[in-house]
Structures are given as structure tokens and as C-alpha cells.
>>> print(open('start_0.csv').read())   # CSV, C-alpha atoms
chain,number,residue,atom,x,y,z
T,1,MET,CA,133.0,105.3,109.9
T,2,ASP,CA,131.1,105.0,113.1
T,3,GLU,CA,131.9,102.6,115.9
T,4,GLU,CA,129.8,99.7,114.7
T,5,PHE,CA,131.7,99.4,111.5
T,6,GLU,CA,135.1,100.0,113.2
T,7,SER,CA,134.3,97.2,115.6
T,8,GLY,CA,134.4,94.8,112.6
T,9,VAL,CA,131.1,93.1,113.2
T,10,VAL,CA,130.5,90.9,110.1
T,11,LYS,CA,127.0,89.7,109.5
T,12,LYS,CA,125.7,87.2,107.0
T,13,PHE,CA,123.7,89.1,104.4
T,14,MET,CA,121.5,87.4,101.8
T,15,TYR,CA,120.0,89.1,98.8
T,16,VAL,CA,117.1,87.0,97.4
T,17,ASN,CA,116.5,87.5,93.7
T,18,ARG,CA,113.1,86.3,92.6
T,19,LYS,CA,112.3,88.5,89.6
T,20,ALA,CA,113.1,88.3,85.9
T,21,PRO,CA,115.2,91.2,84.6
T,22,TYR,CA,113.8,94.0,82.4
T,23,GLY,CA,110.0,93.4,83.1
T,24,THR,CA,110.4,95.1,86.4
T,25,ILE,CA,113.1,97.2,88.1
T,26,TYR,CA,113.7,94.8,91.0
T,27,ALA,CA,116.6,92.9,89.5
T,28,LEU,CA,118.6,96.0,88.7
T,29,GLU,CA,117.8,97.6,92.1
T,30,VAL,CA,119.0,94.6,94.0
T,31,LEU,CA,122.2,94.6,92.0
T,32,GLU,CA,122.8,98.3,92.8
T,33,MET,CA,122.1,97.5,96.5
T,34,VAL,CA,124.6,94.6,96.4
T,35,LEU,CA,127.3,96.7,94.8
T,36,ILE,CA,126.8,99.4,97.5
T,37,SER,CA,126.9,96.8,100.2
T,38,ALA,CA,130.3,95.6,99.0
T,39,ALA,CA,131.8,98.8,100.6
T,40,PHE,CA,130.8,97.5,104.1
T,41,ASP,CA,132.8,94.3,104.1
T,42,GLN,CA,129.9,92.0,105.1
T,43,ASP,CA,129.5,88.3,104.4
T,44,VAL,CA,127.3,88.6,101.2
T,45,HIS,CA,125.3,85.8,99.7
T,46,MET,CA,123.2,86.1,96.6
T,47,ALA,CA,120.4,83.7,96.0
T,48,PHE,CA,118.6,83.3,92.7
T,49,LEU,CA,115.3,81.4,92.7
T,50,ASP,CA,112.0,81.4,90.9
T,51,ASP,CA,112.1,83.9,88.0
T,52,GLY,CA,115.3,85.3,89.6
T,53,VAL,CA,117.3,82.6,87.7
T,54,TYR,CA,116.6,84.5,84.5
T,55,GLN,CA,118.8,87.4,85.8
T,56,ILE,CA,121.9,85.4,85.1
T,57,LYS,CA,120.8,83.7,81.9
T,58,LYS,CA,123.5,83.8,79.2
T,59,GLY,CA,123.0,85.8,76.0
T,60,GLN,CA,120.9,88.7,77.1
T,61,ASP,CA,120.6,91.5,74.6
T,62,PRO,CA,118.0,94.0,75.6
T,63,MET,CA,119.6,97.0,73.9
T,64,SER,CA,119.4,96.1,70.2
T,65,GLY,CA,115.7,95.3,70.0
T,66,ALA,CA,114.0,96.7,73.1
T,67,GLY,CA,116.4,99.6,73.8
T,68,MET,CA,117.2,98.8,77.4
T,69,LYS,CA,120.5,98.6,79.2
T,70,ASN,CA,122.1,95.2,79.4
T,71,PHE,CA,123.2,95.0,83.1
T,72,SER,CA,123.8,91.2,83.0
T,73,PRO,CA,127.7,91.7,82.6
T,74,THR,CA,127.6,93.3,86.1
T,75,TYR,CA,127.0,89.9,87.7
T,76,ARG,CA,130.3,88.8,86.3
T,77,ALA,CA,132.0,91.8,88.0
T,78,LEU,CA,130.7,90.8,91.4
T,79,GLU,CA,133.8,88.7,91.9
T,80,GLY,CA,135.9,91.8,91.8
T,81,TYR,CA,134.0,93.1,94.8
T,82,ASP,CA,134.6,89.9,96.7
T,83,ILE,CA,131.0,88.8,96.2
T,84,GLU,CA,131.5,85.2,95.2
T,85,LYS,CA,128.8,83.3,97.1
T,86,LEU,CA,126.1,82.9,94.4
T,87,TYR,CA,123.4,80.2,94.9
T,88,VAL,CA,120.8,79.0,92.4
T,89,GLU,CA,117.9,76.9,93.2
T,90,GLN,CA,117.8,73.6,91.2
T,91,GLU,CA,114.0,73.3,91.1
T,92,SER,CA,113.7,76.9,89.7
T,93,LEU,CA,116.1,76.0,86.9
T,94,GLU,CA,114.2,72.8,86.0
T,95,GLU,CA,110.8,74.4,86.0
T,96,ARG,CA,112.1,76.8,83.4
T,97,GLY,CA,114.0,74.3,81.3
T,98,LEU,CA,117.3,75.8,82.2
T,99,THR,CA,120.6,74.2,83.4
T,100,GLU,CA,123.7,75.4,85.1
T,101,ALA,CA,125.3,75.7,81.6
T,102,ASP,CA,122.8,78.4,80.7
T,103,LEU,CA,124.2,80.7,83.4
T,104,LEU,CA,126.7,83.5,82.9
T,105,VAL,CA,128.5,83.2,86.2
T,106,PRO,CA,129.9,80.4,88.3
T,107,VAL,CA,127.3,79.4,90.9
T,108,GLU,CA,126.5,76.8,93.5
T,109,VAL,CA,123.3,74.9,92.6
T,110,LEU,CA,121.2,74.0,95.7
T,111,SER,CA,118.0,72.1,96.2
T,112,ARG,CA,115.0,74.1,97.5
T,113,ALA,CA,115.5,72.4,100.8
T,114,ASP,CA,119.1,73.3,101.1
T,115,MET,CA,118.3,76.9,100.0
T,116,ALA,CA,115.8,77.1,102.8
T,117,LYS,CA,118.5,75.9,105.2
T,118,LEU,CA,121.0,78.5,104.0
T,119,MET,CA,118.4,81.2,104.4
T,120,GLY,CA,117.9,80.1,107.9
T,121,GLU,CA,121.6,80.7,108.7
T,122,MET,CA,121.5,84.4,107.6
T,123,ASP,CA,121.5,87.5,109.9
T,124,VAL,CA,119.9,89.8,107.4
T,125,ILE,CA,117.8,88.9,104.4
T,126,LEU,CA,116.8,91.4,101.7
T,127,GLY,CA,114.4,90.3,99.0
T,128,GLY,CA,113.8,91.6,95.5
D,129,MET,CA,86.0,88.8,64.2
D,130,SER,CA,88.9,87.6,66.2
D,131,THR,CA,90.8,89.2,69.1
D,132,LEU,CA,94.5,89.8,69.7
D,133,HIS,CA,95.4,88.9,73.3
D,134,THR,CA,98.7,90.2,74.7
D,135,VAL,CA,100.3,88.6,77.8
D,136,ASN,CA,103.2,90.5,79.4
D,137,LYS,CA,103.8,88.8,82.7
D,138,SER,CA,105.9,85.7,83.5
D,139,PRO,CA,103.7,82.6,83.7
D,140,PHE,CA,105.8,81.4,86.6
D,141,GLU,CA,104.9,84.4,88.7
D,142,ARG,CA,101.4,85.5,87.8
D,143,ALA,CA,98.1,84.0,86.5
D,144,ASN,CA,97.8,86.4,83.5
D,145,LEU,CA,98.5,83.7,81.0
D,146,ASP,CA,96.0,81.3,82.7
D,147,ALA,CA,93.4,83.9,82.6
D,148,CYS,CA,94.1,84.6,78.9
D,149,LEU,CA,94.0,81.0,77.9
D,150,GLY,CA,90.8,80.6,79.9
D,151,HIS,CA,89.0,83.4,78.0
D,152,ALA,CA,90.5,83.5,74.5
D,153,LEU,CA,88.3,81.9,71.8
D,154,PRO,CA,89.4,79.4,69.3
D,155,GLY,CA,91.2,81.1,66.4
D,156,ASP,CA,92.1,84.2,68.5
D,157,ALA,CA,95.7,85.4,68.4
D,158,ILE,CA,97.8,85.4,71.6
D,159,LEU,CA,101.0,87.4,71.5
D,160,LEU,CA,103.5,86.9,74.3
D,161,ILE,CA,105.5,90.1,75.1
D,162,GLU,CA,107.9,91.3,77.8
D,163,ASP,CA,108.2,88.7,80.7
D,164,GLY,CA,105.3,86.8,79.0
D,165,VAL,CA,107.8,85.4,76.4
D,166,PHE,CA,109.1,82.9,79.0
D,167,ALA,CA,105.9,80.9,78.3
D,168,ALA,CA,107.0,80.4,74.7
D,169,MET,CA,110.1,78.4,75.5
D,170,LYS,CA,110.6,74.7,75.0
D,171,ALA,CA,111.6,72.5,77.9
D,172,THR,CA,109.7,74.5,80.6
D,173,ASN,CA,107.2,72.7,82.8
D,174,LEU,CA,104.4,74.3,80.8
D,175,ALA,CA,105.7,73.6,77.3
D,176,ALA,CA,103.2,70.8,76.7
D,177,ARG,CA,100.3,73.1,77.6
D,178,MET,CA,101.7,75.8,75.3
D,179,THR,CA,102.1,73.4,72.4
D,180,ASP,CA,98.4,72.4,72.9
D,181,ALA,CA,97.4,76.1,73.1
D,182,ALA,CA,99.1,76.7,69.8
D,183,LYS,CA,96.7,74.3,68.2
D,184,THR,CA,93.6,76.2,69.4
D,185,PHE,CA,95.0,79.7,69.1
D,186,LYS,CA,97.5,81.5,66.9
D,187,LEU,CA,100.4,81.8,69.2
D,188,TYR,CA,103.1,84.4,68.8
D,189,ALA,CA,106.1,85.7,70.8
D,190,LEU,CA,107.8,89.1,70.3
D,191,ALA,CA,111.4,88.8,69.0
D,192,ALA,CA,112.9,91.8,70.8
D,193,ASP,CA,111.7,90.6,74.2
D,194,LEU,CA,113.0,87.0,73.6
D,195,LYS,CA,116.4,88.5,72.6
D,196,ALA,CA,116.5,90.9,75.6
D,197,ARG,CA,116.2,87.9,77.9
D,198,GLY,CA,118.7,85.6,76.2
D,199,MET,CA,115.9,83.4,75.0
D,200,ASP,CA,116.7,81.8,71.6
D,201,PRO,CA,113.9,82.4,69.1
D,202,ALA,CA,114.7,79.0,67.6
D,203,ASN,CA,113.8,77.4,70.9
D,204,VAL,CA,110.1,78.3,71.1
D,205,VAL,CA,107.5,75.6,71.3
D,206,ASP,CA,106.1,74.1,68.1
D,207,GLY,CA,103.3,76.2,66.6
D,208,CYS,CA,104.6,79.4,68.1
D,209,THR,CA,105.6,82.1,65.6
D,210,VAL,CA,108.2,84.8,66.5
D,211,VAL,CA,107.2,88.3,65.2
D,212,ASP,CA,109.0,91.6,65.3
D,213,TYR,CA,107.4,95.0,66.2
D,214,ALA,CA,106.1,95.4,62.7
D,215,GLY,CA,104.4,92.0,63.1
D,216,PHE,CA,102.9,93.2,66.3
D,217,VAL,CA,101.3,96.1,64.4
D,218,ASP,CA,100.1,93.8,61.7
D,219,LEU,CA,98.4,91.6,64.3
D,220,ALA,CA,96.7,94.6,66.0
D,221,ALA,CA,95.4,95.7,62.6
D,222,ALA,CA,94.3,92.2,61.5
D,223,ASN,CA,92.2,91.7,64.6
D,224,SER,CA,89.0,93.6,65.6
D,225,ALA,CA,90.1,94.2,69.2
D,226,VAL,CA,93.2,94.0,71.4
D,227,ASN,CA,92.8,92.5,74.9
D,228,ALA,CA,95.8,93.2,77.1
D,229,TRP,CA,96.0,90.7,80.0
D,230,LEU,CA,98.1,92.9,82.4
>>> encode(input="start_0.csv", output="C-alpha cells")
Amino acid sequence: MDEEFESGVVKKFMYVNRKAPYGTIYALEVLEMVLISAAFDQDVHMAFLDDGVYQIKKGQDPMSGAGMKNFSPTYRALEGYDIEKLYVEQESLEERGLTEADLLVPVEVLSRADMAKLMGEMDVILGG
Amino acid sequence: MSTLHTVNKSPFERANLDACLGHALPGDAILLIEDGVFAAMKATNLAARMTDAAKTFKLYALAADLKARGMDPANVVDGCTVVDYAGFVDLAAANSAVNAWL
């Protein structure tokens, strides 16, 4: 570890998920990035908005019909990496006819305005 | 002869579905595939529009892509028919051309 990590500087990181899973590789790539980032003991926040809310929809089964890997159970494992700050945008759920009960992990549901505020408090924001 | 239109992008992110609906002719078939299947679901903010579209066009959604995304095939809008891959092939064969709105 170099000095920056040894000094224990903890920054607020936010990963902004805005894409549906499976149609593009963004969702899976962000998830990989988040898991790697867990090794660096930063203050990690995950935001799900726009089509990103589909990433954590219950009942995904891409393997049996479409032959793709189901990576949605990995979101449930984030807790084991001390990544517990998951935020979902209320308006994004509503536009898609979804509710918090449709989601496969515990999250905090925020209004778009509160999501914007939270984003404003971050040191590093990575989109996908 | 009629055309089979396929739409594979999310209606919430891209204008592919709008473009398709604006150019398809009455009686044409529209098949929602990949991220396009989100447009088939009830209770979204475009459900009313899709229910209307199903009256002008033959509206379909691909079962494997609904299932992949955790979308219940029983929850598609009225007038939308869920088809499997064999049904996709049948639609391609039954129409004189395929127009993929990518």
C-alpha cells in the first residue's frame, strides 16, 4: 500500500447506475468496479436511477431462456463487503410501474431532489 | 404485405420505440425484444400508449427477454402477445420484411 492509502483518507464515492442489465454491459461492469473498490475501505454509495432500477428487480432469470449469466444475486452480497448504502430514486420506480417491494435488496428510496443533494455531497462520482 | 418491426432498446432511454410507432403501418407486427420489453409492461407511464398501439398494430414481446429481466409475462399490457423464439421465427416468416429499429 502506498502512503495515500496508509494515511487512511476516506472519500465519499458514488456509483451511479442508470442502465438496465443484460441489454448492455454497463450494469455488470459497474458491479465489478464496486466489488474491487471494496478492497480500499472507502465510503461507498450506490445509486440506482432511470433504467438502473431494473438492475435490482426481483425474479431475474436470464440463463434459462436467453443464456446469459444472472448476476443479480451479487447485489445481495454487497452487504458482506460493507457496501450497505444503496439508494433508489422514487420517480424512476414510478415511471416504470415498480415499487420498493419489487427490489431484491434493502434500499433507501429518495426523491429526485434528495438524490441530487446526495450526489452533491460526494467526492468522487462514477457513472455507468 | 406487412412488416415485422423489432425494437430492442428501452423506451425510457432511447427514442427507438417512438420512431417505430411513428413509421409502422396499421396491421404491421411490432415485436419488443431485449431492453425493448420494458415497454410491454403494465403500470409504466407509457402503458396507455402501448395499449392503444396494440389496437393499431399486432404487438408482441419476447418471453426469454421478459424472463431475463424479472418481468412477469402475465403483466404485459392488454393486446400484447408473449412469444418464444419459435414465435419470433414465425413472425419473420409471416411478414414480407423485417425492420429492426436499433
>>> closest_residue(input="start_0.csv", among="T:Leu31, T:Gly67, T:Lys57, T:Leu49", to="Val109 of chain T", atoms="all atoms listed in the file")
T:Leu49
>>> interface_residues(input="start_0.csv", of="chain T", to="chain D", cutoff="6 Å", atoms="only C-alpha atoms", output="list in words")
Gly23, Lys58, Gly59, Gln60, Asp61, Pro62, Gly65, Ala66, Glu95, Arg96 and Gly97 of chain T
>>> atom_distance(input="start_0.csv", atom1="atom CA of Gly8 of chain T", atom2="atom CA of Asp41 of chain T")
8.7 Å
>>> residues_around(input="start_0.csv", residues="Ala157 of chain D", least_positions_apart="2", cutoff="8 Å", atoms="all atoms listed in the file", output="PyMOL selection string")
chain D and resi 130-133+155+159+185-188+219
>>> residues_around(input="start_0.csv", residues="Ala39 of chain T", least_positions_apart="4", cutoff="12 Å", atoms="only C-alpha atoms", output="PyMOL selection string")
chain T and resi 1+5+32-35+43-44+80-83
>>> atom_distance(input="start_0.csv", atom1="atom CA of Gln90 of chain T", atom2="atom CA of His45 of chain T")
16.7 Å
>>> atom_distance(input="start_0.csv", atom1="atom CA of Arg112 of chain T", atom2="atom CA of Leu28 of chain T")
23.9 Å
>>> closest_residue(input="start_0.csv", among="D:Cys208, D:Ala147, D:Ala168, D:Val226", to="Ala182 of chain D", atoms="all atoms listed in the file")
D:Cys208
